[in-house]
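Here the structure is laid out as structure tokens; the discussion comes afterwards.
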Amino acid sequence: MRFSRRYPWAKSVAIGIGAIALIIVAVTPLVDAVLEGWSRRDVELRSRLVFRSIEARVAGVIGAAQPSDLTPYLEYLAEDEKLVALGFCDEDGALRYATKLMPKTLKCEELPREAVESFDTLRTGGGRLLVSLFPISADSKKGHVILLHDLSFIDARSRQAQVYVTLALAGVAAGLALLATAIVLSFLRNWQRSIKTEIEEARLGTSPSRQRGEDTFFDREIRTLLSEFNVERRYTSGIKIEWSPSSLRTLLQEELPETQVVVVSNREPYIHNLRDGKIELQTPASGLVAAVEPVMRACGGTWIAHGSGAADRQTVDSNDRIQVPPDMPGYTLRRLWLSEEEQEGYYYGLANEGLWPLCHIAFVRPVFREVDWRQYSAVNERFADAVVKEAAQDNPIVLVQDYHFALLPRMIRKRLPNATIVTFWHIPWPNSEIFGVCPWREDIIDGLLGSDILGFHTQFHCNNFLETTDRFLECRIDRERASVVASGMETLVRPYPISIEWPPAALATQASVEQCRRAVRERLSLPPDAAVLVGIERFDYTKGILDRMRAVDDLLTREPSWKGRLVFVQAAAPTRSKLAKYSALRTEGFELAHEINARHRQGDYQPIVLNYRHHPPDEVFELFRAADACIVSSLHDGMNLVAKEFVASRDDEQGVLILSSFAGASRELSEALIVNPYDTRAVADALKRALVMPEDEQRDRMRLMRELIRERNVYRWAAQMLMDASRLRKHRRVHAQG
Ligand code: F6P
């Protein structure tokens with residue numbers, strides 16, 4: 001490592017010393033000149049004084065007819081420390097009198113014997129001498145008195161002065177350096193303290209501890225920089241951030257302060273039912289609810305949904321609102337009531353007999369009835385009115401959920417032009433050829449393009465949407481921005497893979513995995529060492545429930561040694577049971593389970609346990625934790641959050657996930673055993689592989705999947721949409737100013 005890197009201060013010190021040396025070199029000649037001048041003038045004055053004091057006597061001697069010897073007198077005077085020699089030159093240029101130290105080289109005729117006093121310097125071997133010549137006359141006699149003064153003391157004085165100047169300059173420089181260091185250090189210390197406080201406050205998301213006015217210019221600068229940096233750093237995808245309810249709340253406060261969030265979905269997060277005349281609370285089996293509910297708990301706001309529970313009306317206030325979650329209210333649930341006819345046409349008809357099979361490739365023919373379309377449009381209008389009623393400002397963020405509300409974004413846009421509308425399509429979007437069979441394809445696309453942002457789970461579904469729009473609508477597709485510009489308005493089309501809360505709330509109340517294993521096996525009357533495979537979802541034809549039963553059957557047929565040891569537990573929640581396709585599926589499912597069980601039954605043992613009822617979240621989690629493997633074999637699915645819930649439930653890092661390649665989750669959970677649900681043999685092989693997988697391998701796979709879900713949890717899902725919405729709002733504000 002270079003010296004300057006290790007001692008960064010050394011450079012400054014060297015520069016300081018160099019600067020002082022330069023100053024000394026520059027100042028020394030000046031000091032010398034001043035000293036020389038002063039000292040010389042002193043000596044000249046002194047010479048003059050000496051001359052004045054001896055003038056009369058010297059004149060008396062030289063003017064006498066018989067001049068006496070002046071030398072002794074001059075020798076006496078020369079005893080003075082600085083007076084080296086004295087002498088007298090007569091007018092003929094002869095040195096008439098001279099003290100002993102008068103240099104032999106000094107010749108009177110070479111001296112400038114003028115009519116006025118004169119001074120000159122003489123260099124001798126011993127140093128410098130000041131030669132002072134004073135004209136003197138007595139009667140007719142004239143001459144010059146010579147006084148030689150030693151000037152070497154000036155050089156000594158000059159050297160001394162140089163030392164003093166050097167010391168003084170060094171002292172002043174050192175003093176200034178110390179003072180400057182003290183000032184800079186105290187400044188840096190304050191600055192450091194400010195930065196520390198600001199960083200800490202920014203990190204914890206607390207409000208500034210200093211009062212307005214108390215903070216300095218630097219505090220404000222640091223805060224601005226930090227907040228810009230923070231927002232950029234935290235919210236850009238390149239950098240890991242722990243998304244949680246509190247970081248999501250902070251994001252809202254910072255990026256969308258004072259903004260009302262309104263969610264619209266068909267399914268409500270809390271259903272009040274009646275059981276034996278008593279009100280019972282139910283949380284529906286819905287991926288949408290599992291994802292959006294924790295987000296609303298974190299953000300607050302209003303959730304508008306169809307009030308579908310038998311006791312829903314009894315639990316709302318006069319405005320059809322109820323504060324939820326019931327045990328710790330955090331947001332408002334606004335229930336909207338739908339008549340039988342409305343539900344028939346909008347929910348069962350267009351949404352679930354038309355759009356659902358249209359968007360899922362499960363080879364169930366979609367049904368499109370004009371009457372359903374009319375109900376669907378009318379119900380969308382009713383929800384749009386409800387949004388306007390619930391909007392406390394003219395520019396809320398409205399989060400429209402799912403295929404029940406394809407027309408709603410455009411309707412809200414007409415009523416609240418300044419709202420930011422983010423629509424999320426929870427199911428797949430098919431290719432244009434498939435979507436093209438829908439008689440109202442243009443209306444549906446146009447309705448969705450009332451959104452500012454339209455989200456899907458995967459890039460693939462985004463591409464399908466863009467391709468469909470390009471084909472059926474007069475519009476401009478901006479591939480680079482992934483947006484559609486139609487009727488002068490731009491809609492961004494983005495993938496936002498949905499997820500679950502982390503850690504899942506249901507996990508908090510769970511017993512240990514060992515206890516769960518024991519409890520589930522006891523409850524289902526299974527042998528304690530039975531290998532348990534679970535499947536948990538709504539009894540929907542898209543889920544591939546029958547296909548996985550066939551795979552179990554195949555395994556038991558090919559490898560009968562699994563009989564008595566392997567049990568497949570399917571928890572199937574009742575769903576859309578009024579629809580023929582669903583009731584037929586249920587019947588077929590029970591018949592198939594019965595048939596397989598009959599084929600492989602051994603005493604009390606039967607390989608398939610089909611539980612057709614609603615399973616509350618704790619029961620679902622207990623089943624997940626008791627399982628050796630979980631199968632999610634959807635024939636087609638947007639995401640399939642069950643897969644993520646299973647992984648989240650396994651804090652013991654054990655258990656194997658078998659996952660359909662046609663579920664959106666397979667794009668992220670690549671450590672699962674990925675299968676084609678239509679390939680019965682391959683699924684059966686995957687089942688066996690899961691059941692014999694060594695613990696280490698299970699741990700390695702589970703760890704990676706857990707890590708991914710922990711990072712990409714549902715708060716991140718919501719945050720990404722809200723950040724995009726906020727960016728859009730800022731962008732539009734800036735453009736409106738221009
Ligand atoms: O997956 C599509 C979806 O609408 C989800 O959004 C929801 O979780 C699920 O189906 C439940 O459907 P329903 O509300 O009809 O019971």
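Every chain in the structure tokens takes a letter, A first, then B, and so on in the order presented; its residues are numbered from 1, and the ligands are numbered from 1 following the presented order.
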
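Taking only C-alpha atoms and all ligand atoms into account, the protein and nucleic acid residues that come at most 7 Å from ligand 1 are Asn266, Arg267, Ala285, Ser286, Gly287, Leu288, Val289, Asp402, His426, Ile427, Thr575, Arg576 and Gly638 of chain A.
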
Tell me, as a PyMOL selection string, which residues lie within 6 Å of region 526-535 of chain A, counting only C-alpha atoms; anything in the same chain fewer than 6 positions away does not count.
chain A and resi 565-570+627-631

Contacts of Val422 (chain A) at 6 Å or less, counting only C-alpha atoms, minus same-chain residues fewer than 4 places along, as a list in words?
Leu399, Ser451, Asp452, Ile453 and Leu454 of chain A

I need the chosen residues saved as an mmCIF file, in the first residue's frame, with N, CA, C and O atoms.
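Wrote result.cif, looks like this:
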data_model
loop_
_atom_site.group_PDB
_atom_site.id
_atom_site.type_symbol
_atom_site.label_atom_id
_atom_site.label_comp_id
_atom_site.auth_asym_id
_atom_site.auth_seq_id
_atom_site.Cartn_x
_atom_site.Cartn_y
_atom_site.Cartn_z
ATOM 1 N N LEU A 399 -56.956 0.518 -6.266
ATOM 2 C CA LEU A 399 -56.360 -0.762 -6.657
ATOM 3 C C LEU A 399 -57.489 -1.723 -7.041
ATOM 4 O O LEU A 399 -58.194 -2.248 -6.180
ATOM 5 N N SER A 451 -56.960 2.054 -16.803
ATOM 6 C CA SER A 451 -55.984 1.996 -15.699
ATOM 7 C C SER A 451 -54.722 2.760 -16.082
ATOM 8 O O SER A 451 -54.354 2.833 -17.251
ATOM 9 N N ASP A 452 -54.048 3.260 -15.059
ATOM 10 C CA ASP A 452 -52.716 3.849 -15.295
ATOM 11 C C ASP A 452 -51.690 2.733 -15.397
ATOM 12 O O ASP A 452 -50.751 2.810 -16.169
ATOM 13 N N ILE A 453 -51.898 1.725 -14.561
ATOM 14 C CA ILE A 453 -50.981 0.586 -14.564
ATOM 15 C C ILE A 453 -51.829 -0.677 -14.564
ATOM 16 O O ILE A 453 -52.812 -0.775 -13.829
ATOM 17 N N LEU A 454 -51.421 -1.628 -15.396
ATOM 18 C CA LEU A 454 -52.126 -2.907 -15.427
ATOM 19 C C LEU A 454 -51.095 -3.988 -15.119
ATOM 20 O O LEU A 454 -50.086 -4.112 -15.819
#

Just list the residues in region 252-308 of chain A DSSP gives strand (DSSP E) on the backbone, as a PyMOL selection string.
chain A and resi 261-264+271-275+278-282+302-306

Output C-alpha atoms for every residue in the selection just made, as an mmCIF file, in the first residue's frame.
data_model
loop_
_atom_site.group_PDB
_atom_site.id
_atom_site.type_symbol
_atom_site.label_atom_id
_atom_site.label_comp_id
_atom_site.auth_asym_id
_atom_site.auth_seq_id
_atom_site.Cartn_x
_atom_site.Cartn_y
_atom_site.Cartn_z
ATOM 1 C CA VAL A 261 -55.862 3.914 -0.897
ATOM 2 C CA VAL A 262 -59.064 2.244 -2.105
ATOM 3 C CA VAL A 263 -59.135 -1.455 -2.983
ATOM 4 C CA VAL A 264 -61.938 -2.990 -5.018
ATOM 5 C CA ILE A 271 -67.243 -12.943 5.728
ATOM 6 C CA HIS A 272 -69.817 -13.028 8.508
ATOM 7 C CA ASN A 273 -71.844 -16.211 8.239
ATOM 8 C CA LEU A 274 -74.585 -17.697 10.339
ATOM 9 C CA ARG A 275 -74.127 -21.057 11.998
ATOM 10 C CA LYS A 278 -74.852 -17.524 15.659
ATOM 11 C CA ILE A 279 -72.616 -15.153 13.723
ATOM 12 C CA GLU A 280 -69.412 -16.817 12.627
ATOM 13 C CA LEU A 281 -66.390 -15.119 11.039
ATOM 14 C CA GLN A 282 -64.849 -16.757 7.999
ATOM 15 C CA THR A 302 -60.928 1.343 2.291
ATOM 16 C CA TRP A 303 -61.681 -2.031 0.737
ATOM 17 C CA ILE A 304 -64.889 -2.237 -1.282
ATOM 18 C CA ALA A 305 -66.185 -5.765 -1.879
ATOM 19 C CA HIS A 306 -69.322 -7.787 -2.339
#

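Closest approach to Arg415 (chain A) among A:Ala384, A:Met702, A:Ile709, A:Val400: A:Ala384, based on only C-alpha atoms.
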
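The interatomic distance for the pair CA of Ser670 (chain A) and CA of Arg706 (chain A) works out to 11.7 Å.
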
Quick one: pull the distance between CA of Leu355 (chain A) and CA of Tyr403 (chain A), Å, one decimal.
7.1 Å

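In terms of minimum interatomic distance to His360 (chain A), A:Asp540 ranks closest within A:Asp312, A:Glu55, A:Asp540, A:Glu36, counting only C-alpha atoms.
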
Quick one: everything within 8 Å of region 167-172 of chain A, counting only C-alpha atoms, minus sequence neighbours fewer than 3 positions away in the same chain. Send it as a PyMOL selection string.
chain A and resi 20+24+163-164+175-176

Identify, on the basis of only C-alpha atoms, every residue whose closest approach to region 558-562 of chain A does not exceed 10 Å; exclude the query and any residue fewer than 6 positions from it along the same chain; express the result as a PyMOL selection string.
chain A and resi 530-531+552+600+607+681+684+688

Looking only at helix (DSSP H, G or I) from DSSP on the backbone, list the matching residues of region 304-489 of chain A as a PyMOL selection string.
chain A and resi 312-315+340-359+370-390+403-405+408-415+432-435+441-448+459-472

Excluding Tyr348 (chain A) and its own-chain neighbours fewer than 5 positions away, which residues fall within 12 Å of it when counting only C-alpha atoms? Please give them as a list in words.
Asn266, Glu340, Glu341, Glu342, Gln343, Glu353, Gly354, Leu355, Trp356, Pro357, Pro366, Val367, Phe368, Arg369, Val371, Asp372, Trp373, Gln375, Tyr376, His404, Thr575, Arg576, Ser577, Lys578, Leu579, Ala580, Lys581 and Tyr582 of chain A

Keeping only N, CA and C atoms, write the selected residues to a file as a PDB file, in the first residue's frame.
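Output below, filename out-v5.pdb:
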ATOM      1  N   ASN A 266     -64.072  -8.415  -5.781  1.00  0.00           N
ATOM      2  CA  ASN A 266     -65.359  -9.075  -5.600  1.00  0.00           C
ATOM      3  C   ASN A 266     -65.406  -9.750  -4.232  1.00  0.00           C
ATOM      4  N   GLU A 340     -79.661 -11.425  -6.351  1.00  0.00           N
ATOM      5  CA  GLU A 340     -79.460 -12.776  -6.921  1.00  0.00           C
ATOM      6  C   GLU A 340     -79.147 -12.688  -8.407  1.00  0.00           C
ATOM      7  N   GLU A 341     -79.938 -11.820  -9.100  1.00  0.00           N
ATOM      8  CA  GLU A 341     -79.755 -11.699 -10.556  1.00  0.00           C
ATOM      9  C   GLU A 341     -78.377 -11.144 -10.886  1.00  0.00           C
ATOM     10  N   GLU A 342     -77.971 -10.167 -10.091  1.00  0.00           N
ATOM     11  CA  GLU A 342     -76.651  -9.567 -10.345  1.00  0.00           C
ATOM     12  C   GLU A 342     -75.550 -10.618 -10.164  1.00  0.00           C
ATOM     13  N   GLN A 343     -75.654 -11.363  -9.068  1.00  0.00           N
ATOM     14  CA  GLN A 343     -74.635 -12.396  -8.819  1.00  0.00           C
ATOM     15  C   GLN A 343     -74.639 -13.432  -9.931  1.00  0.00           C
ATOM     16  N   GLU A 353     -68.180 -18.264 -15.728  1.00  0.00           N
ATOM     17  CA  GLU A 353     -68.438 -19.211 -16.832  1.00  0.00           C
ATOM     18  C   GLU A 353     -67.855 -18.684 -18.141  1.00  0.00           C
ATOM     19  N   GLY A 354     -67.597 -17.371 -18.163  1.00  0.00           N
ATOM     20  CA  GLY A 354     -67.026 -16.771 -19.373  1.00  0.00           C
ATOM     21  C   GLY A 354     -65.524 -16.537 -19.239  1.00  0.00           C
ATOM     22  N   LEU A 355     -65.168 -15.511 -18.448  1.00  0.00           N
ATOM     23  CA  LEU A 355     -63.759 -15.095 -18.416  1.00  0.00           C
ATOM     24  C   LEU A 355     -62.831 -16.129 -17.764  1.00  0.00           C
ATOM     25  N   TRP A 356     -63.331 -16.791 -16.712  1.00  0.00           N
ATOM     26  CA  TRP A 356     -62.461 -17.765 -16.007  1.00  0.00           C
ATOM     27  C   TRP A 356     -61.961 -18.871 -16.935  1.00  0.00           C
ATOM     28  N   PRO A 357     -62.878 -19.612 -17.588  1.00  0.00           N
ATOM     29  CA  PRO A 357     -62.364 -20.643 -18.508  1.00  0.00           C
ATOM     30  C   PRO A 357     -61.661 -20.050 -19.734  1.00  0.00           C
ATOM     31  N   PRO A 366     -65.637 -21.738 -22.560  1.00  0.00           N
ATOM     32  CA  PRO A 366     -66.267 -20.579 -21.928  1.00  0.00           C
ATOM     33  C   PRO A 366     -67.681 -20.346 -22.469  1.00  0.00           C
ATOM     34  N   VAL A 367     -68.536 -19.809 -21.608  1.00  0.00           N
ATOM     35  CA  VAL A 367     -69.920 -19.545 -22.026  1.00  0.00           C
ATOM     36  C   VAL A 367     -70.135 -18.039 -21.970  1.00  0.00           C
ATOM     37  N   PHE A 368     -70.638 -17.460 -23.048  1.00  0.00           N
ATOM     38  CA  PHE A 368     -70.879 -16.016 -23.089  1.00  0.00           C
ATOM     39  C   PHE A 368     -72.350 -15.761 -23.363  1.00  0.00           C
ATOM     40  N   ARG A 369     -73.029 -15.135 -22.382  1.00  0.00           N
ATOM     41  CA  ARG A 369     -74.451 -14.825 -22.547  1.00  0.00           C
ATOM     42  C   ARG A 369     -74.605 -13.313 -22.477  1.00  0.00           C
ATOM     43  N   VAL A 371     -77.070 -11.625 -21.470  1.00  0.00           N
ATOM     44  CA  VAL A 371     -77.654 -11.178 -20.205  1.00  0.00           C
ATOM     45  C   VAL A 371     -76.568 -11.071 -19.114  1.00  0.00           C
ATOM     46  N   ASP A 372     -75.630 -11.987 -19.141  1.00  0.00           N
ATOM     47  CA  ASP A 372     -74.536 -11.943 -18.160  1.00  0.00           C
ATOM     48  C   ASP A 372     -73.681 -10.685 -18.369  1.00  0.00           C
ATOM     49  N   TRP A 373     -73.444 -10.409 -19.645  1.00  0.00           N
ATOM     50  CA  TRP A 373     -72.632  -9.224 -19.956  1.00  0.00           C
ATOM     51  C   TRP A 373     -73.302  -7.950 -19.432  1.00  0.00           C
ATOM     52  N   GLN A 375     -75.362  -7.700 -16.924  1.00  0.00           N
ATOM     53  CA  GLN A 375     -75.243  -7.665 -15.453  1.00  0.00           C
ATOM     54  C   GLN A 375     -73.818  -7.281 -15.045  1.00  0.00           C
ATOM     55  N   TYR A 376     -72.877  -7.854 -15.757  1.00  0.00           N
ATOM     56  CA  TYR A 376     -71.464  -7.588 -15.462  1.00  0.00           C
ATOM     57  C   TYR A 376     -71.188  -6.080 -15.588  1.00  0.00           C
ATOM     58  N   HIS A 404     -63.178  -9.778 -12.345  1.00  0.00           N
ATOM     59  CA  HIS A 404     -64.581  -9.405 -12.117  1.00  0.00           C
ATOM     60  C   HIS A 404     -64.816  -7.950 -12.511  1.00  0.00           C
ATOM     61  N   THR A 575     -66.467 -24.184  -3.717  1.00  0.00           N
ATOM     62  CA  THR A 575     -66.344 -22.940  -4.478  1.00  0.00           C
ATOM     63  C   THR A 575     -67.301 -22.946  -5.656  1.00  0.00           C
ATOM     64  N   ARG A 576     -67.938 -21.854  -5.942  1.00  0.00           N
ATOM     65  CA  ARG A 576     -68.809 -21.647  -7.122  1.00  0.00           C
ATOM     66  C   ARG A 576     -69.715 -22.860  -7.365  1.00  0.00           C
ATOM     67  N   SER A 577     -70.204 -23.418  -6.255  1.00  0.00           N
ATOM     68  CA  SER A 577     -70.885 -24.709  -6.344  1.00  0.00           C
ATOM     69  C   SER A 577     -72.170 -24.664  -7.161  1.00  0.00           C
ATOM     70  N   LYS A 578     -72.700 -23.453  -7.403  1.00  0.00           N
ATOM     71  CA  LYS A 578     -73.930 -23.358  -8.213  1.00  0.00           C
ATOM     72  C   LYS A 578     -73.677 -23.719  -9.659  1.00  0.00           C
ATOM     73  N   LEU A 579     -72.415 -23.635 -10.076  1.00  0.00           N
ATOM     74  CA  LEU A 579     -72.114 -23.850 -11.493  1.00  0.00           C
ATOM     75  C   LEU A 579     -72.000 -25.342 -11.809  1.00  0.00           C
ATOM     76  N   ALA A 580     -72.552 -25.712 -12.936  1.00  0.00           N
ATOM     77  CA  ALA A 580     -72.601 -27.120 -13.322  1.00  0.00           C
ATOM     78  C   ALA A 580     -71.213 -27.738 -13.399  1.00  0.00           C
ATOM     79  N   LYS A 581     -70.278 -26.983 -13.952  1.00  0.00           N
ATOM     80  CA  LYS A 581     -68.925 -27.524 -14.128  1.00  0.00           C
ATOM     81  C   LYS A 581     -68.306 -27.870 -12.776  1.00  0.00           C
ATOM     82  N   TYR A 582     -68.628 -27.063 -11.772  1.00  0.00           N
ATOM     83  CA  TYR A 582     -68.033 -27.284 -10.459  1.00  0.00           C
ATOM     84  C   TYR A 582     -68.696 -28.461  -9.749  1.00  0.00           C
TER      85      TYR A 582
END
